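In what follows, a single structure is set out as structure tokens and then discussed.
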Amino acid sequence: MLVQEIIRAKREGQALGVAQIDHFVRGLVDGSWSEGQVAALGMAVFLRGMGRDEAVALTRAMMNSGRVLSWPDMPGPVLDKHSSGGVGDKISLMLAPLVAACGGYVPMIAGRGLGHTGGTVDKLEAIPGYTTAPDFGDFDRLVRSLGVAIIGQTADLAPADRRFYATRDVTATVESVPLITASILSKKLAAGLQGLAMDVKCGNGAFAATREFGEELARSIVDVATGAGLRTRALITDMNQVLGHEVGNALEVRGAIEYLTGRKPRESRTHALTLALGAEMLVLGGLAPDTASATVKLQAALDSGAAAERFAKMVTALGGPADLLEKPDAYLAAAPVIRAVPAPRAGRLSAMKTRDVGLVIVELGGGRRLPGDTLDMRVGLSEVRQLGDVLAAGEPLAMVHAADEAAADRAIAQVQAAMSIEDADAAWRAAPLVLAELG
Ligand code: URA
């Protein structure tokens, strides 16, 4: 089979067969497809699309490109949640231990930041000593004993996705429904889950910028996952503003600790989304009969401190400090320059260019410009205001945490440019957080 003929077929809009897709995925792993050929097929799929059968074949082949885990003898359901990527989305840090505290087993294999979006693995690496790459035996032992371990993608899990993803990231081929579906689900199926809650982010801070794209992506993920035997529910959720008050690695870990310990009032959208996704997971796993009783159970695990305790135990078991929750400031690095972003005028915060806010973090050094860049864990934004908030002129829209004054000056101007303020008496209606549910 000639590689260029497979690319040509897709370029002409033909459906690829299983043998052609298997050839491509083998070539990703053994290097027999060159970088140019991988990029060309990626772009051909981006432009011509794939039918459902092709997406299923690609997902299966990528899942089987490496190790496939299974958890046959677990005492409870093996569950996970995945987000398609957002700004300030720290939900996994809270949700995984919370579901474990309610009886689920969560072997969460998380990702790094991508483009303007943050990644759970990068956030966890802001915790001194925390290893996101334990050996498989330790991962297995932790999931069994604590019910939760959040680690990074291992070299042997869906290696085809690892290579394809890196190429897509630098060839403008991320935002494709079949490619995102296969990328996410190959990893989740390889993790041996029994239930998956998908958070499909939709809006100007998400890869799915429009509602149509979000719905198409959610439908594709639910269909392909269910077809592969993985029970999946998808929530399409709003990403037209930063989720919560913090963006940036150490700042988001601090936010997650405050959430779990209840030390500060829980930001309402973050709390609502954590409970909504957690409820889907508990129902999928048979740990609650319906979402209403699941929500009660989740809230009780937060109030009793059981979720915070699971998080603390996971951090310690993976090499982090034993008293991180009691003394976050002693361990989470702080930026040397912290400055307010003054609102340029009085009025209501009515819109946010959320992708641009995500890019501010990249420019501050908290995200990557090139694969392999070292991140500055200290930088980012805190106290980010929510859409609908009414501010006086000069009141902070957010606090910038930067490595130096020049970086802070640039970030302040960029955040101001990303936020729209209109007259406070203009009509205002908050957008719903959960736009649709599927599965
Ligand atoms: N997250 C993934 O894991 N893959 C994609 O393609 C997009 C988001």
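Identifiers in the structure tokens: chain A, B, ... in order shown; residue index from 1 per chain; ligand index from 1 in order shown.
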
Original post:
How would you write, as a VMD selection string, the set of residues no farther than 9 Å from ligand 1 when counting only C-alpha atoms and all ligand atoms?
Top reply: chain A and resid 82 to 85 110 to 111 114 161 165 168 to 169 173 to 187 207

**OP:** For segment 377-388 of chain A, please output as a list in words all residues within 6 Å (counting only C-alpha atoms; exclusion window: fewer than 2 positions along the same chain).
**Re:** Ala126, His245, Glu246, Val247, Gly248, Asn249, Ala250, Ala333, Ala334, Ala335, Arg348, Leu349, Ser350, Ile361, Gly366, Leu375, Leu397, Ala398, Met399, Val400, His401 and Ala402 of chain A

Original post:
Skipping near chain neighbours, those fewer than 4 positions away, what residues fall within 12 Å of Ser293 of chain A using only C-alpha atoms, listed as a VMD selection string?
Top reply: chain A and resid 102 275 to 276 278 to 280 282 to 283 286 to 289 297 to 300

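Here atom CA of Pro432 of chain A stands at a distance of 16.6 Å from atom CA of Ala208 of chain A.
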
Original post:
Could you pull out all residues of segment 116-335 of chain A with a DSSP call of strand (DSSP E or B) and give them as an MDAnalysis selection string?
Top reply: chainID A and resid 117 148:152 195:202 208 231:238 247

Identify, on the basis of only C-alpha atoms, every residue whose closest approach to Val170 of chain A does not exceed 10 Å; exclude the query and any residue fewer than 4 positions from it along the same chain; express the result as an mmCIF file with C-alpha atoms, in the first residue's frame.
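Now in part_3.cif:
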```cif
data_model
loop_
_atom_site.group_PDB
_atom_site.id
_atom_site.type_symbol
_atom_site.label_atom_id
_atom_site.label_comp_id
_atom_site.auth_asym_id
_atom_site.auth_seq_id
_atom_site.Cartn_x
_atom_site.Cartn_y
_atom_site.Cartn_z
ATOM 1 C CA ALA A 39 0.753 16.383 8.236
ATOM 2 C CA GLY A 115 -2.392 26.172 22.428
ATOM 3 C CA TYR A 165 -1.267 15.240 18.231
ATOM 4 C CA ALA A 166 2.133 16.968 18.229
ATOM 5 C CA VAL A 174 -6.609 20.509 15.843
ATOM 6 C CA LEU A 370 7.311 25.373 21.468
ATOM 7 C CA PRO A 371 7.028 21.724 22.487
#
```

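Put simply, atom CA of Ala406 of chain A is 25.2 Å away from atom CA of Ile421 of chain A.
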
Subject >> Long-range neighbours of Ala351 of chain A as number ranges by chain, 12 Å cut-off, only C-alpha atoms, 5 positions minimum in chain >> reply: A: 203-205, 239-242, 357, 385-389, 415-422, 428-431

Convert the current residue selection to file output with C-alpha atoms, as a PDB file, in the first residue's frame.
```
ATOM      1  CA  GLY A 203     -17.347  29.175  22.936  1.00  0.00           C
ATOM      2  CA  ASN A 204     -14.591  31.674  22.228  1.00  0.00           C
ATOM      3  CA  GLY A 205     -12.160  29.988  24.632  1.00  0.00           C
ATOM      4  CA  MET A 239     -16.458  28.582  27.508  1.00  0.00           C
ATOM      5  CA  ASN A 240     -17.115  32.228  26.690  1.00  0.00           C
ATOM      6  CA  GLN A 241     -15.348  33.293  29.862  1.00  0.00           C
ATOM      7  CA  VAL A 242     -12.599  32.091  32.172  1.00  0.00           C
ATOM      8  CA  VAL A 357      -6.919  35.591  27.967  1.00  0.00           C
ATOM      9  CA  ARG A 385     -14.080  38.909  37.329  1.00  0.00           C
ATOM     10  CA  GLN A 386     -17.062  37.069  35.869  1.00  0.00           C
ATOM     11  CA  LEU A 387     -19.321  38.229  33.049  1.00  0.00           C
ATOM     12  CA  GLY A 388     -22.183  40.297  34.438  1.00  0.00           C
ATOM     13  CA  ASP A 389     -20.085  41.844  37.229  1.00  0.00           C
ATOM     14  CA  VAL A 415      -6.325  41.639  29.536  1.00  0.00           C
ATOM     15  CA  GLN A 416      -7.898  45.093  29.192  1.00  0.00           C
ATOM     16  CA  ALA A 417      -8.147  44.575  25.423  1.00  0.00           C
ATOM     17  CA  ALA A 418      -9.779  41.167  25.942  1.00  0.00           C
ATOM     18  CA  MET A 419     -12.553  42.455  28.238  1.00  0.00           C
ATOM     19  CA  SER A 420     -15.604  44.442  27.063  1.00  0.00           C
ATOM     20  CA  ILE A 421     -17.369  46.770  29.450  1.00  0.00           C
ATOM     21  CA  GLU A 422     -20.752  48.250  28.605  1.00  0.00           C
ATOM     22  CA  TRP A 428     -27.981  41.741  30.550  1.00  0.00           C
ATOM     23  CA  ARG A 429     -28.713  38.023  30.609  1.00  0.00           C
ATOM     24  CA  ALA A 430     -26.205  35.485  31.887  1.00  0.00           C
ATOM     25  CA  ALA A 431     -25.519  32.613  29.466  1.00  0.00           C
TER      26      ALA A 431
END
```

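Across A:Arg310, A:Arg163, A:Gly319, A:Leu302, the tightest approach to Thr132 of chain A is made by A:Gly319 when counting only C-alpha atoms.
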
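Look at Leu325 of chain A: the protein and nucleic acid residues within 9 Å of it, using only C-alpha atoms and passing over chain neighbours fewer than 3 places away, are Arg254, Ile257, Glu258, Thr261, Ala308, Glu309, Phe311, Ala312, Pro321, Ala322 and Pro328 of chain A.
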
Can I get the selected residues back with N, CA and C atoms, as a PDB file, in the first residue's frame?
```pdb
ATOM      1  N   ARG A 254      -3.821  26.406  43.668  1.00  0.00           N
ATOM      2  CA  ARG A 254      -4.255  27.085  44.898  1.00  0.00           C
ATOM      3  C   ARG A 254      -5.786  27.189  44.910  1.00  0.00           C
ATOM      4  N   ILE A 257      -7.345  23.886  45.796  1.00  0.00           N
ATOM      5  CA  ILE A 257      -7.217  23.579  47.233  1.00  0.00           C
ATOM      6  C   ILE A 257      -8.262  24.378  48.021  1.00  0.00           C
ATOM      7  N   GLU A 258      -8.420  25.647  47.645  1.00  0.00           N
ATOM      8  CA  GLU A 258      -9.428  26.461  48.348  1.00  0.00           C
ATOM      9  C   GLU A 258     -10.826  25.876  48.126  1.00  0.00           C
ATOM     10  N   THR A 261     -11.098  22.509  50.257  1.00  0.00           N
ATOM     11  CA  THR A 261     -11.127  22.716  51.708  1.00  0.00           C
ATOM     12  C   THR A 261     -12.286  23.624  52.119  1.00  0.00           C
ATOM     13  N   ALA A 308     -11.225  16.477  50.049  1.00  0.00           N
ATOM     14  CA  ALA A 308      -9.936  17.144  50.296  1.00  0.00           C
ATOM     15  C   ALA A 308      -8.908  16.128  50.790  1.00  0.00           C
ATOM     16  N   GLU A 309      -9.368  15.200  51.619  1.00  0.00           N
ATOM     17  CA  GLU A 309      -8.454  14.197  52.172  1.00  0.00           C
ATOM     18  C   GLU A 309      -7.905  13.283  51.061  1.00  0.00           C
ATOM     19  N   PHE A 311      -7.512  14.101  47.931  1.00  0.00           N
ATOM     20  CA  PHE A 311      -6.560  14.899  47.164  1.00  0.00           C
ATOM     21  C   PHE A 311      -5.220  14.946  47.905  1.00  0.00           C
ATOM     22  N   ALA A 312      -5.281  15.213  49.215  1.00  0.00           N
ATOM     23  CA  ALA A 312      -4.043  15.312  50.008  1.00  0.00           C
ATOM     24  C   ALA A 312      -3.269  14.001  49.972  1.00  0.00           C
ATOM     25  N   PRO A 321       4.240  17.422  48.980  1.00  0.00           N
ATOM     26  CA  PRO A 321       4.307  17.654  50.425  1.00  0.00           C
ATOM     27  C   PRO A 321       3.053  17.164  51.162  1.00  0.00           C
ATOM     28  N   ALA A 322       3.266  16.627  52.362  1.00  0.00           N
ATOM     29  CA  ALA A 322       2.152  16.051  53.125  1.00  0.00           C
ATOM     30  C   ALA A 322       1.207  17.132  53.660  1.00  0.00           C
ATOM     31  N   PRO A 328      -0.500  25.864  51.595  1.00  0.00           N
ATOM     32  CA  PRO A 328      -0.222  25.969  50.147  1.00  0.00           C
ATOM     33  C   PRO A 328       0.816  27.037  49.833  1.00  0.00           C
TER      34      PRO A 328
END
```

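For Glu267 of chain A, the residues within 10 Å (counting only C-alpha atoms, excluding itself and residues fewer than 4 positions away along the chain) are A:Leu243, A:Gly244, A:His245, A:Gly255, A:Tyr259, A:His271, A:Ala272, A:Gln386.
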
Each residue of segment 53-87 of chain A lying at most 10 Å from segment 212-228 of chain A should get a row with its shortest atom-to-atom pair and the distance in Å to one decimal, counting only C-alpha atoms; could you produce that, ordered by chain and increasing number, as CSV?
```
residue,atom,partner,partner_atom,distance
A:Asp53,CA,A:Val224,CA,8.9
A:Ala55,CA,A:Val224,CA,7.5
A:Val56,CA,A:Val224,CA,5.9
A:Ala57,CA,A:Val224,CA,9.6
A:Thr59,CA,A:Val224,CA,8.1
A:Arg60,CA,A:Ala228,CA,8.2
A:Ser84,CA,A:Leu217,CA,9.5
```

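Closest approach to Ala317 of chain A among A:Arg231, A:Arg369, A:Arg141, A:Arg339: A:Arg141, based on only C-alpha atoms.
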
Subject >> Selected residue, from A:Gly104, A:Gly147, A:Gly118, A:Gly195, that lies nearest to Ile91 of chain A when counting only C-alpha atoms >> reply: A:Gly118

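What separates atom CA of Asp323 of chain A from atom CA of Tyr130 of chain A is a distance of 13.0 Å.
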